[in-house]
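One structure is given below, encoded as structure tokens.
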Amino acid sequence: MKRVVFAISLSIALIGCGVNEEEYLKHHEEGVEASKSLNQEQCLSSAIEKVSGCSSIECSVNTNGYLRGCLSNAEKIPKICEGVPEDEGAFENEQWRAEKCNEAGVDPARCDILFSTLQKECS
């Protein structure tokens with residue numbers, strides 16, 4: 001049941017962003033495949049590297065699909081969640097995500113979505 005609700009929610013969200021669902025799922029599957037040789041920290045680093053080359057919201061969302069697939073299937077690294085705030089409190093979360101993007105040297109407009117996914121993974 002959770003999978004069906006997720007699939008419906010995903011479809012609605014992707015359509016709202018103008019993102020091609022097939023393309024998103026392709027990136028998600030690439031993340032799943034990458035997770036076979038990466039741990040969670042490496043998944044995040046890889047996604048940050050990918051999103052640094054993005055110039056559109058579609059690219060950022062697709063990179064997030066990669067990260068979701070990778071994080072959820074990679075070797076768990078508990079320390080990746082150290083210092084990650086729970087996904088509540090909009091202003092504090094936006095500020096934390098912007099700081100993490102800036103530390104990574106990536107425009108927060110492109111990488112905010114990745115750290116939001118990390119928050120969800122750690123919650």
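For the structure tokens, the naming scheme is as follows: chains receive sequential letters (A, B, ...) according to their order of presentation, residues are indexed from 1 within each chain, and ligands are indexed from 1 in presentation order.
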Contacts of A:Glu86 within 8 Å, only C-alpha atoms, excl. fewer than 3 positions in-chain, as a ChimeraX atom specification: /A:119-120,122-123
Keeping only C-alpha atoms, write the selected residues as an mmCIF file, in the first residue's frame.
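The new file selection.cif reads:
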```cif
data_model
loop_
_atom_site.group_PDB
_atom_site.id
_atom_site.type_symbol
_atom_site.label_atom_id
_atom_site.label_comp_id
_atom_site.auth_asym_id
_atom_site.auth_seq_id
_atom_site.Cartn_x
_atom_site.Cartn_y
_atom_site.Cartn_z
ATOM 1 C CA GLN A 119 16.687 14.549 6.135
ATOM 2 C CA LYS A 120 13.904 12.165 5.159
ATOM 3 C CA CYS A 122 17.601 10.102 8.535
ATOM 4 C CA SER A 123 14.156 10.646 10.094
#
```
Excluding stretch 37-42 of chain A and its own-chain neighbours fewer than 3 positions away, which residues fall within 6 Å of it when counting only C-alpha atoms? Please give them as a PyMOL selection string. chain A and resi 34+45-46+71+74-77
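Atom CA of A:Gly31 is positioned 4.2 Å from atom CA of A:Tyr66.
Here the question is which of A:Leu114, A:Ala104, A:Val19, A:Ala109 gets nearest to A:Asn64 using only C-alpha atoms, and that residue is A:Leu114.
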As a ChimeraX atom specification, list the residues of chain A assigned to helix (DSSP H, G or I) by DSSP on the backbone atoms of this structure. /A:2-17,21-34,40-51,57-73,78-81,90-104,108-122
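You will find atom CA of A:Gly69 at 4.8 Å from atom CA of A:His28.
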So, counting only C-alpha atoms, which residue among A:Ile48, A:Cys111, A:Ile57, A:Cys43 is closest to A:Tyr24? A:Ile57
Between atom CA of A:Asn20 and atom CA of A:Asn62, measure the distance and give it in Å to one decimal. 8.9 Å
Would you list the contacts of A:Gly53 as a PDB file with N, CA and C atoms, in the first residue's frame, taking every protein, DNA or RNA residue within 10 Å and counting only C-alpha atoms, but skipping same-chain residues closer than 5 positions in sequence?
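Wrote result_30.pdb, looks like this:
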```
ATOM      1  N   ILE A  48      25.830  15.136  -5.143  1.00  0.00           N
ATOM      2  CA  ILE A  48      26.252  16.542  -5.086  1.00  0.00           C
ATOM      3  C   ILE A  48      27.089  16.878  -6.312  1.00  0.00           C
ATOM      4  N   CYS A  59      16.787  18.736 -13.948  1.00  0.00           N
ATOM      5  CA  CYS A  59      18.057  18.062 -13.673  1.00  0.00           C
ATOM      6  C   CYS A  59      18.222  17.813 -12.167  1.00  0.00           C
ATOM      7  N   SER A  60      17.887  18.810 -11.355  1.00  0.00           N
ATOM      8  CA  SER A  60      17.999  18.659  -9.900  1.00  0.00           C
ATOM      9  C   SER A  60      17.056  17.574  -9.389  1.00  0.00           C
ATOM     10  N   VAL A 106      27.897  24.288  -3.864  1.00  0.00           N
ATOM     11  CA  VAL A 106      26.836  24.198  -4.872  1.00  0.00           C
ATOM     12  C   VAL A 106      25.720  25.181  -4.509  1.00  0.00           C
ATOM     13  N   ARG A 110      20.003  24.565  -6.470  1.00  0.00           N
ATOM     14  CA  ARG A 110      20.178  23.291  -7.177  1.00  0.00           C
ATOM     15  C   ARG A 110      20.267  22.101  -6.240  1.00  0.00           C
TER      16      ARG A 110
END
```
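Excluding A:Leu118 and any residue on its chain fewer than 6 positions from it, the residues at most 9 Å away by only C-alpha atoms are Leu44, Leu67, Arg68, Leu71, Ile80, Cys81 and Val84 of chain A.
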Of the residues A:Ser35, A:Gln95, A:Ser55, A:Asn102, which is the one nearest to A:Cys70, using only C-alpha atoms? A:Ser35
